[in-house]
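Engineer: Please find one structure pasted underneath; my questions will follow.
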Amino acid sequence: MSRKLEFLIYCIEEYKRRNGTTGRATYDLFEQSGVPRYIMDHYDALHTAGVEYTLEDIQSMIS
């Protein structure tokens with residue numbers, strides 16, 4: 001498994017834990033908002049930015 005995919009899964013798990021949703025519901029929400037592609041395209045910057053920043057960034061994309 002690639003590091004990018006591992007990071008995407010980590011973001012899904014962390015988002016669902018913090019928001020009380022299921023993994024499937026979180027992935028669907030991410031997919032509708034283009035989050036998986038964004039994470040894959042910007043992995044180098046996001047994985048070093050910290051989980052708080054990354055989840056805030058994701059939330060702004062979803063809202």
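Each chain in the structure tokens gets a letter, A, B and so on, in the order shown; residues start at 1 in every chain, and ligands are counted from 1 in the order they appear.
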Please provide as a list in words all residues within 8 Å of stretch 37-47 of chain A, with the sequence filter that same-chain residues fewer than 4 positions apart are discarded (counting only C-alpha atoms).

Structural biologist: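 Here the qualifying residues turn out to be Lys4, Leu5, Phe7, Leu8, Val51 and Thr54 of chain A.
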
Engineer: Return the single residue from A:Ser2, A:Met61, A:Leu29, A:Gly34 that is closest to A:Lys16, with distances computed using only C-alpha atoms.

Structural biologist: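 Once distances to A:Lys16 are computed over only C-alpha atoms, the minimum belongs to A:Leu29.
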
Engineer: So, with only C-alpha atoms as the atoms that count, which of A:Ile12, A:Tyr53, A:Thr48, A:Arg3 lies closest to A:Phe30?

Structural biologist: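 Ranking A:Ile12, A:Tyr53, A:Thr48, A:Arg3 by distance to A:Phe30, first place goes to A:Ile12.
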
Engineer: For A:Arg17, please output as a PyMOL selection string all residues within 10 Å (counting only C-alpha atoms; exclusion window: fewer than 6 positions along the same chain).

Structural biologist: chain A and resi 11+23+26

Engineer: Please produce an output containing C-alpha atoms for each residue in the selection, written as a tab-separated table (two decimals), in the first residue's frame.

Structural biologist:
```tsv
chain	number	residue	atom	x	y	z
A	11	CYS	CA	-7.67	11.08	7.26
A	23	GLY	CA	-16.19	5.03	7.33
A	26	THR	CA	-17.09	9.70	5.45
```
